[in-house]
Amino acid sequence: MAYQRVEIPRERVEQQEEIAARIAARFAAEGRTVTAMVDTYGCQQNESDSERLRGYLAEMGCTFTDDEFAADIIVINTCAVREHAEQRVLGNVGALNHTKKARPGQIICLCGCMVQQKHIAEKIRMSYPIVNLVFGPDEIWRFPELLEQILTGRKKRVFAVETQDGVVTEGVPRARVGGVKAWLSVMYGCNNFCSYCVVPYVRGRERSRRPEDVVAEARSLVAAGYRDITLLGQNVNSYGRDLGGGTDFSDLLRMVNDIPGKFILRFMTSHPKDATEKLFSTMAECEKCAHHIHLPVQAGNDRVLREMNRGYTAAQYLDKVAAARRSMPDLVLTTDIIVGFPGETDAEFADTLALVEQVRYDSMFTFIYSPRVGTRAAAMPDPMTRAEKQRNFDRLLELSNRISGEKHAAYVGKTLEVLVDGENPGEACPHTSRTKSGRLVHLRGDAAPGAFVTAKITDSTTWALFGEVVN
Ligand code: SAH
Ligand code: SF4
């Protein structure tokens with residue numbers, strides 16, 4: 001697999017926009033109002049990719065719907081990280097047989113990580129004839145061209161999943177969801193090959209956007225009124241290595257922090273092996289940077305961590321946590337954990353519980369291990385039964401909920417600044433908001449999305465805080 005960085009020239013992206021305009025003209029000439037639905041699975045990177053798909057669809061003159069019976073074009077942006085998401089996608093695609101019958105001419109597109117896997121693309125080719133267009137994450141930038149082949153009847157089905165290039169595109173239009181929070185991809189792909197993970201196979205090698213492009217986009221987001229910007233990458237701590245220009249992630253953080261205006265700056269995900277003291281001190285010094293790190297530990301046992309190919313021991317991980325907390329005593333720490341990695345014993349799992357007790361995460365995402373075709377872990381002996389894994393998972397969840405509940409309870413009575421970012425229509429707390437370090441606060445009182453307000457925390461649960469606006 002010879003991956004190389006391929007920067008798509010701006011003119012080629014502009015050509016795609018010309019095709020989108022041609023499609024819009026075609027719909028208008030036919031007197032049609034074309035409705036599109038974009039359904040997104042998986043991580044924030046996929047959310048961000050879906051904004052680009054919607055950006056193109058908007059340029060084609062489409063209006064948007066959530067109802068698959070009302071949609072002329074359906075795009076399902078898929079995730080491959082766990083089997084469960086794949087099964088849901090296949091189930092939902094199967095169900096589209098009905099919508100396509102009810103709405104002849106409906107075009108069904110599948111894109112994203114899941115279809116980038118050969119065995120899945122083949123399955124769709126053979127068993128899901130209703131799907132018209134299949135394209136991998138690196139082909140999103142040429143969605144108009146691919147779709148046009150179907151719309152003009154030139155082709156009945158198009159599969160664009162074979163390429164292995166590490167694409168970087170600038171200038172693809174975006175239709176963002178909401179006006180307060182924005183995703184900003186700073187890099188794509190991953191080089192880490194954790195033994196359980198499919199991401200490096202479906203997203204290719206790490207490639208960073210140029211710092212000036214990231215800063216320009218951040219600047220335009222701030223100018224457009226966005227107040228909560230999250231820099232995205234599978235492993236942001238290795239940002240810039242491929243550019244060789246001397247700008248690392250801490251430098252990038254500082255460059256975005258220096259953009260004038262009031263906003264919160266977040267990022268994810270940090271790989272623990274690459275998190276440095278420089279990163280922690282930069283976070284502490286940058287006044288817009290949230291004191292929050294999502295630092296996935298995955299397991300607390302050294303043998304399991306080694307088999308996972310994570311590149312750190314539990315002790316090294318704990319050292320990083322201690323260093324981060326020294327720089328930011330108010331740090332909010334979250335993590336991901338996999339339960340039931342092949343060969344993990346109950347005694348090894350107990351090390352995960354002990355690590356969680358020691359670190360006391362503010363919240364955690366916990367997953368039962370899911371074998372992924374082509375990964376190293378999928379070939380490892382896995383004697384533990386599903387029921388035993390579920391039992392361990394439940395223990396971890398119980399512990400995690402207890403700690404989150406305790407951490408949240410400690411906020412009650414405090415007064416702090418929050419950013420109002422959404423609404424809970426009809427609820428006693430009609431607004432949603434976030435603390436600077438990302439805790440969810442359901443809010444009573446006078447507030448409008450996009451406003452920073454002072455809130456008094458009055459109540460808490462395992463998952464959220466409740467508060468009222470004070471002035
Ligand atoms: N790049 C990020 C995570 C990407 S995937 C990182 O390294 O932190 C998000 C999470 O999904 C991972 O942190 C891991 O906990 C989980 N995950 C990935 N592959 C998995 C698998 N095969 N089974 C179960 N969980 C998995
Ligand atoms: Fe997957 Fe590991 Fe890369 Fe994260 S760092 S995307 S878990 S291979």
# chains A, B, ... in the order shown; residues from 1 in each chain; ligands from 1
>>> closest_atom_pairs(of="chain A", to="ligand 2", cutoff="9 Å", atoms="only C-alpha atoms and all ligand atoms", output="CSV")
residue,atom,partner,partner_atom_place_in_ligand_line,distance
A:Val81,CA,ligand 2,1 (Fe),8.2
A:Gly189,CA,ligand 2,6 (S),7.6
A:Cys190,CA,ligand 2,3 (Fe),4.7
A:Asn191,CA,ligand 2,3 (Fe),6.2
A:Asn192,CA,ligand 2,8 (S),4.7
A:Phe193,CA,ligand 2,8 (S),4.1
A:Cys194,CA,ligand 2,8 (S),4.2
A:Ser195,CA,ligand 2,8 (S),7.2
A:Tyr196,CA,ligand 2,1 (Fe),7.5
A:Cys197,CA,ligand 2,1 (Fe),4.5
A:Val198,CA,ligand 2,1 (Fe),6.4
A:Val199,CA,ligand 2,6 (S),5.0
A:Pro200,CA,ligand 2,8 (S),5.7
A:Tyr201,CA,ligand 2,8 (S),8.8
A:Arg203,CA,ligand 2,6 (S),8.8
A:Gly233,CA,ligand 2,6 (S),8.9
A:Gln234,CA,ligand 2,6 (S),5.1
A:Asn235,CA,ligand 2,5 (S),6.0
A:Thr269,CA,ligand 2,4 (Fe),7.9
A:Ser270,CA,ligand 2,5 (S),8.5
A:His271,CA,ligand 2,5 (S),6.2
A:Pro296,CA,ligand 2,7 (S),8.4
A:Gln298,CA,ligand 2,7 (S),8.6
A:Met308,CA,ligand 2,2 (Fe),8.6
A:Asn309,CA,ligand 2,2 (Fe),8.2
A:Arg310,CA,ligand 2,2 (Fe),7.0
>>> write_last_selection(atoms="C-alpha atoms", output="mmCIF file, in the first residue's frame")
data_model
loop_
_atom_site.group_PDB
_atom_site.id
_atom_site.type_symbol
_atom_site.label_atom_id
_atom_site.label_comp_id
_atom_site.auth_asym_id
_atom_site.auth_seq_id
_atom_site.Cartn_x
_atom_site.Cartn_y
_atom_site.Cartn_z
ATOM 1 C CA VAL A 81 -15.102 1.261 13.851
ATOM 2 C CA GLY A 189 -5.872 9.393 8.618
ATOM 3 C CA CYS A 190 -3.851 7.560 11.237
ATOM 4 C CA ASN A 191 -0.434 5.873 11.381
ATOM 5 C CA ASN A 192 -0.805 4.085 14.688
ATOM 6 C CA PHE A 193 -2.256 0.721 13.728
ATOM 7 C CA CYS A 194 -3.634 -0.143 17.134
ATOM 8 C CA SER A 195 -4.190 -3.858 16.643
ATOM 9 C CA TYR A 196 -7.997 -3.715 17.064
ATOM 10 C CA CYS A 197 -8.645 -0.683 14.884
ATOM 11 C CA VAL A 198 -9.791 -0.413 11.280
ATOM 12 C CA VAL A 199 -9.285 3.353 10.947
ATOM 13 C CA PRO A 200 -5.771 3.270 9.397
ATOM 14 C CA TYR A 201 -7.056 0.861 6.734
ATOM 15 C CA ARG A 203 -8.751 6.483 6.298
ATOM 16 C CA GLY A 233 -7.924 14.535 13.946
ATOM 17 C CA GLN A 234 -7.500 10.860 14.877
ATOM 18 C CA ASN A 235 -4.295 11.771 16.661
ATOM 19 C CA THR A 269 -8.350 13.085 19.877
ATOM 20 C CA SER A 270 -5.009 13.015 21.678
ATOM 21 C CA HIS A 271 -3.021 9.816 21.609
ATOM 22 C CA PRO A 296 -8.159 7.352 25.450
ATOM 23 C CA GLN A 298 -8.210 1.718 26.219
ATOM 24 C CA MET A 308 -3.172 -3.429 21.479
ATOM 25 C CA ASN A 309 0.003 -1.762 20.180
ATOM 26 C CA ARG A 310 -0.777 1.413 22.104
#
>>> residues_around(residues="Gln117 in chain A", least_positions_apart="5", cutoff="9 Å", atoms="only C-alpha atoms", output="PyMOL selection string")
chain A and resi 80+122+136+161+201-202+373
>>> closest_residue(among="A:Asp459, A:Glu86, A:Asp302, A:Glu285", to="ligand 1", atoms="only C-alpha atoms and all ligand atoms")
A:Glu86
>>> residues_around(residues="Ile140 in chain A", least_positions_apart="3", cutoff="8 Å", atoms="only C-alpha atoms", output="list in words")
Asp49, Arg52, Leu53, Cys111, Phe135, Gly136, Pro137 and Phe143 of chain A
>>> write_last_selection(atoms="C-alpha atoms", output="short mmCIF file (atom, residue, chain, number, x, y, z; two decimals), in the first residue's frame")
data_model
loop_
_atom_site.label_atom_id
_atom_site.label_comp_id
_atom_site.auth_asym_id
_atom_site.auth_seq_id
_atom_site.Cartn_x
_atom_site.Cartn_y
_atom_site.Cartn_z
CA ASP A 49 -17.58 15.06 6.16
CA ARG A 52 -19.27 18.86 3.03
CA LEU A 53 -21.79 16.50 1.41
CA CYS A 111 -20.09 6.61 1.56
CA PHE A 135 -17.67 6.10 -2.46
CA GLY A 136 -14.93 6.17 0.17
CA PRO A 137 -13.96 9.10 2.44
CA PHE A 143 -19.34 13.81 -5.02
#
>>> closest_atom_pairs(of="range 82-197 of chain A", to="range 5-17 of chain A", cutoff="9 Å", atoms="only C-alpha atoms", output="CSV")
residue,atom,partner,partner_atom,distance
A:Trp141,CA,A:Val13,CA,6.9
A:Arg142,CA,A:Gln16,CA,6.1
A:Phe143,CA,A:Gln16,CA,7.7
A:Pro144,CA,A:Gln16,CA,5.8
A:Glu145,CA,A:Gln16,CA,6.4
A:Asp165,CA,A:Val6,CA,6.5
A:Gly166,CA,A:Arg5,CA,4.7
A:Val167,CA,A:Val6,CA,4.7
A:Val168,CA,A:Glu7,CA,4.8
A:Thr169,CA,A:Ile8,CA,5.3
A:Glu170,CA,A:Arg10,CA,6.7
A:Gly171,CA,A:Val13,CA,6.7
A:Val172,CA,A:Val13,CA,6.4
A:Pro173,CA,A:Glu17,CA,8.3
>>> write_last_selection(atoms="C-alpha atoms", output="compact mmCIF listing (two decimals), in the first residue's frame")
# COMPACT_ATOMS: atom_id res chain seq x y z
CA TRP A 141 -14.57 16.04 -2.68
CA ARG A 142 -15.80 14.73 -6.09
CA PHE A 143 -19.34 13.81 -5.02
CA PRO A 144 -20.97 16.08 -7.69
CA GLU A 145 -19.08 14.33 -10.50
CA ASP A 165 -4.30 7.99 -1.98
CA GLY A 166 -4.05 10.24 1.05
CA VAL A 167 -6.16 13.10 -0.19
CA VAL A 168 -6.11 16.63 1.27
CA THR A 169 -8.74 19.01 -0.13
CA GLU A 170 -9.31 22.68 0.48
CA GLY A 171 -12.28 24.74 -0.60
CA VAL A 172 -15.07 22.15 -0.56
CA PRO A 173 -18.28 24.02 0.39
>>> select_by_dssp(residues="range 32-233 of chain A", states="strand (DSSP E)", output="VMD selection string")
chain A and resid 35 to 40 63 to 64 73 to 78 107 to 112 133 to 135 158 to 160 166 to 168 181 to 185 187 to 188 207 to 208 228 to 232
>>> residues_around(residues="Val332 in chain A", least_positions_apart="6", cutoff="9 Å", atoms="only C-alpha atoms", output="PDB file with N, CA and C atoms, in the first residue's frame")
ATOM      1  N   ALA A 290     -10.013  25.120  26.048  1.00  0.00           N
ATOM      2  CA  ALA A 290     -10.700  24.400  27.113  1.00  0.00           C
ATOM      3  C   ALA A 290      -9.690  23.557  27.883  1.00  0.00           C
ATOM      4  N   HIS A 291      -9.850  23.505  29.191  1.00  0.00           N
ATOM      5  CA  HIS A 291      -9.004  22.624  29.993  1.00  0.00           C
ATOM      6  C   HIS A 291      -9.646  21.238  30.025  1.00  0.00           C
ATOM      7  N   HIS A 292      -9.686  20.650  28.875  1.00  0.00           N
ATOM      8  CA  HIS A 292     -10.278  19.315  28.731  1.00  0.00           C
ATOM      9  C   HIS A 292      -9.394  18.509  27.791  1.00  0.00           C
ATOM     10  N   ILE A 293      -9.049  17.296  28.209  1.00  0.00           N
ATOM     11  CA  ILE A 293      -8.367  16.390  27.287  1.00  0.00           C
ATOM     12  C   ILE A 293      -9.134  15.076  27.229  1.00  0.00           C
ATOM     13  N   HIS A 294      -9.379  14.664  25.993  1.00  0.00           N
ATOM     14  CA  HIS A 294      -9.907  13.318  25.795  1.00  0.00           C
ATOM     15  C   HIS A 294      -8.691  12.443  25.513  1.00  0.00           C
ATOM     16  N   TYR A 361     -12.071   9.695  35.876  1.00  0.00           N
ATOM     17  CA  TYR A 361     -12.451  10.442  34.679  1.00  0.00           C
ATOM     18  C   TYR A 361     -13.772  11.172  34.894  1.00  0.00           C
ATOM     19  N   ASP A 362     -13.903  12.300  34.247  1.00  0.00           N
ATOM     20  CA  ASP A 362     -15.169  13.037  34.307  1.00  0.00           C
ATOM     21  C   ASP A 362     -16.258  12.293  33.535  1.00  0.00           C
ATOM     22  N   SER A 363     -15.871  11.698  32.411  1.00  0.00           N
ATOM     23  CA  SER A 363     -16.789  10.777  31.734  1.00  0.00           C
ATOM     24  C   SER A 363     -15.981   9.870  30.821  1.00  0.00           C
ATOM     25  N   SER A 437     -14.990  23.656  29.802  1.00  0.00           N
ATOM     26  CA  SER A 437     -14.343  22.355  29.625  1.00  0.00           C
ATOM     27  C   SER A 437     -15.302  21.268  29.154  1.00  0.00           C
ATOM     28  N   GLY A 438     -16.470  21.693  28.648  1.00  0.00           N
ATOM     29  CA  GLY A 438     -17.280  20.767  27.866  1.00  0.00           C
ATOM     30  C   GLY A 438     -18.375  20.031  28.612  1.00  0.00           C
ATOM     31  N   ARG A 439     -18.608  20.346  29.898  1.00  0.00           N
ATOM     32  CA  ARG A 439     -19.701  19.666  30.607  1.00  0.00           C
ATOM     33  C   ARG A 439     -21.038  20.230  30.154  1.00  0.00           C
TER      34      ARG A 439
END
>>> residues_around(residues="Ala95 in chain A", least_positions_apart="3", cutoff="12 Å", atoms="only C-alpha atoms", output="list in words")
Glu68, Phe69, Arg88, Val89, Leu90, Gly91, Asn92, His98, Thr99, Lys100, Lys101, Ala102, Ile108, Tyr128, Ile130 and Val131 of chain A
>>> write_last_selection(atoms="C-alpha atoms", output="JSON list (two decimals), in the first residue's frame")
[["chain", "number", "residue", "atom", "x", "y", "z"],
["A", 68, "GLU", "CA", -36.45, 8.84, 3.83],
["A", 69, "PHE", "CA", -39.86, 8.58, 2.11],
["A", 88, "ARG", "CA", -27.31, -0.89, 11.61],
["A", 89, "VAL", "CA", -26.30, 0.61, 8.27],
["A", 90, "LEU", "CA", -26.96, -2.63, 6.38],
["A", 91, "GLY", "CA", -30.31, -3.02, 8.15],
["A", 92, "ASN", "CA", -31.29, 0.53, 7.26],
["A", 98, "HIS", "CA", -39.69, 0.22, 0.61],
["A", 99, "THR", "CA", -38.85, 3.87, 0.14],
["A", 100, "LYS", "CA", -37.41, 3.26, -3.30],
["A", 101, "LYS", "CA", -40.60, 1.42, -4.30],
["A", 102, "ALA", "CA", -42.70, 4.27, -2.97],
["A", 108, "ILE", "CA", -29.25, 5.90, -2.75],
["A", 128, "TYR", "CA", -27.88, -4.43, -2.34],
["A", 130, "ILE", "CA", -30.87, -0.56, -4.77],
["A", 131, "VAL", "CA", -27.65, 1.30, -3.90]]
>>> residues_around(residues="Glu212 in chain A", least_positions_apart="6", cutoff="12 Å", atoms="only C-alpha atoms", output="list in words")
Glu170, Val186, Ala218, Arg219, Gly240, Gly245, Thr247, Asp251, Leu252, Met255 and Val256 of chain A
>>> write_last_selection(atoms="N, CA and C atoms", output="mmCIF file, in the first residue's frame")
data_model
loop_
_atom_site.group_PDB
_atom_site.id
_atom_site.type_symbol
_atom_site.label_atom_id
_atom_site.label_comp_id
_atom_site.auth_asym_id
_atom_site.auth_seq_id
_atom_site.Cartn_x
_atom_site.Cartn_y
_atom_site.Cartn_z
ATOM 1 N N GLU A 170 -8.914 21.387 -0.078
ATOM 2 C CA GLU A 170 -9.313 22.678 0.476
ATOM 3 C C GLU A 170 -10.408 23.232 -0.415
ATOM 4 N N VAL A 186 -8.133 19.148 11.188
ATOM 5 C CA VAL A 186 -6.767 19.646 10.985
ATOM 6 C C VAL A 186 -5.899 18.588 10.316
ATOM 7 N N ALA A 218 -10.502 28.793 10.665
ATOM 8 C CA ALA A 218 -10.900 29.167 12.029
ATOM 9 C C ALA A 218 -11.314 30.647 12.069
ATOM 10 N N ARG A 219 -10.551 31.472 11.378
ATOM 11 C CA ARG A 219 -10.853 32.899 11.333
ATOM 12 C C ARG A 219 -12.247 33.129 10.726
ATOM 13 N N GLY A 240 1.293 17.874 11.800
ATOM 14 C CA GLY A 240 2.417 18.620 11.218
ATOM 15 C C GLY A 240 3.635 17.794 10.886
ATOM 16 N N GLY A 245 7.262 21.373 8.365
ATOM 17 C CA GLY A 245 7.484 22.827 8.408
ATOM 18 C C GLY A 245 7.776 23.361 9.793
ATOM 19 N N THR A 247 5.765 23.329 12.408
ATOM 20 C CA THR A 247 4.583 23.692 13.208
ATOM 21 C C THR A 247 3.992 22.411 13.777
ATOM 22 N N ASP A 251 1.812 24.479 18.514
ATOM 23 C CA ASP A 251 1.968 25.748 17.774
ATOM 24 C C ASP A 251 0.649 26.114 17.082
ATOM 25 N N LEU A 252 0.024 25.092 16.514
ATOM 26 C CA LEU A 252 -1.237 25.338 15.801
ATOM 27 C C LEU A 252 -2.306 25.853 16.770
ATOM 28 N N MET A 255 -1.754 29.383 17.423
ATOM 29 C CA MET A 255 -2.117 30.229 16.275
ATOM 30 C C MET A 255 -3.632 30.452 16.228
ATOM 31 N N VAL A 256 -4.401 29.402 16.516
ATOM 32 C CA VAL A 256 -5.860 29.562 16.488
ATOM 33 C C VAL A 256 -6.301 30.379 17.702
#
>>> atom_distance(atom1="CA of Gln4 in chain A", atom2="CA of Arg54 in chain A")
27.6 Å
>>> select_by_dssp(residues="range 254-319 of chain A", states="alpha helix (DSSP H)", output="number ranges by chain")
A: 254-257, 277-285, 302-307, 314-319
>>> residues_around(residues="Asp39 in chain A", least_positions_apart="2", cutoff="10 Å", atoms="only C-alpha atoms", output="number ranges by chain")
A: 36-37, 41, 47, 50, 66, 68, 74-78, 89, 110
>>> closest_residue(among="A:Ile19, A:Val469, A:Ala25, A:Val177", to="Glu148 in chain A", atoms="only C-alpha atoms")
A:Ile19
>>> atom_distance(atom1="CA of Phe349 in chain A", atom2="CA of Asp330 in chain A")
28.7 Å
>>> atom_distance(atom1="CA of Met268 in chain A", atom2="CA of Leu184 in chain A")
10.3 Å
>>> closest_residue(among="A:Asp274, A:Glu468, A:Asp394, A:Glu427", to="Leu443 in chain A", atoms="only C-alpha atoms")
A:Glu468
>>> closest_residue(among="A:Val222, A:Cys429, A:Ile457, A:Ala284", to="Arg444 in chain A", atoms="only C-alpha atoms")
A:Cys429
>>> closest_residue(among="A:Arg26, A:Arg360, A:Lys389, A:Lys262", to="ligand 1", atoms="only C-alpha atoms and all ligand atoms")
A:Lys389
>>> decode(residues="range 268-280 of chain A", atoms="N, CA and C atoms", output="compact mmCIF listing (two decimals), in the first residue's frame")
# COMPACT_ATOMS: atom_id res chain seq x y z
N MET A 268 -9.76 17.14 19.59
CA MET A 268 -9.74 15.71 19.84
C MET A 268 -9.34 14.98 18.56
N THR A 269 -8.68 13.82 18.67
CA THR A 269 -8.35 13.08 19.88
C THR A 269 -6.84 13.13 20.09
N SER A 270 -6.43 13.05 21.34
CA SER A 270 -5.01 13.01 21.68
C SER A 270 -4.59 11.59 21.93
N HIS A 271 -3.56 11.13 21.26
CA HIS A 271 -3.02 9.82 21.61
C HIS A 271 -2.06 10.00 22.79
N PRO A 272 -2.25 9.22 23.87
CA PRO A 272 -1.41 9.42 25.06
C PRO A 272 0.09 9.34 24.76
N LYS A 273 0.49 8.47 23.83
CA LYS A 273 1.94 8.31 23.62
C LYS A 273 2.55 9.59 23.07
N ASP A 274 1.75 10.42 22.40
CA ASP A 274 2.28 11.63 21.78
C ASP A 274 1.89 12.91 22.52
N ALA A 275 1.21 12.78 23.65
CA ALA A 275 0.83 13.99 24.41
C ALA A 275 2.06 14.47 25.18
N THR A 276 2.40 15.73 25.02
CA THR A 276 3.66 16.24 25.60
C THR A 276 3.40 17.32 26.65
N GLU A 277 4.44 17.58 27.45
CA GLU A 277 4.39 18.69 28.41
C GLU A 277 4.12 19.99 27.67
N LYS A 278 4.69 20.10 26.46
CA LYS A 278 4.49 21.33 25.67
C LYS A 278 3.00 21.51 25.38
N LEU A 279 2.33 20.42 25.06
CA LEU A 279 0.89 20.52 24.80
C LEU A 279 0.16 21.01 26.05
N PHE A 280 0.48 20.41 27.20
CA PHE A 280 -0.23 20.77 28.44
C PHE A 280 0.03 22.23 28.80
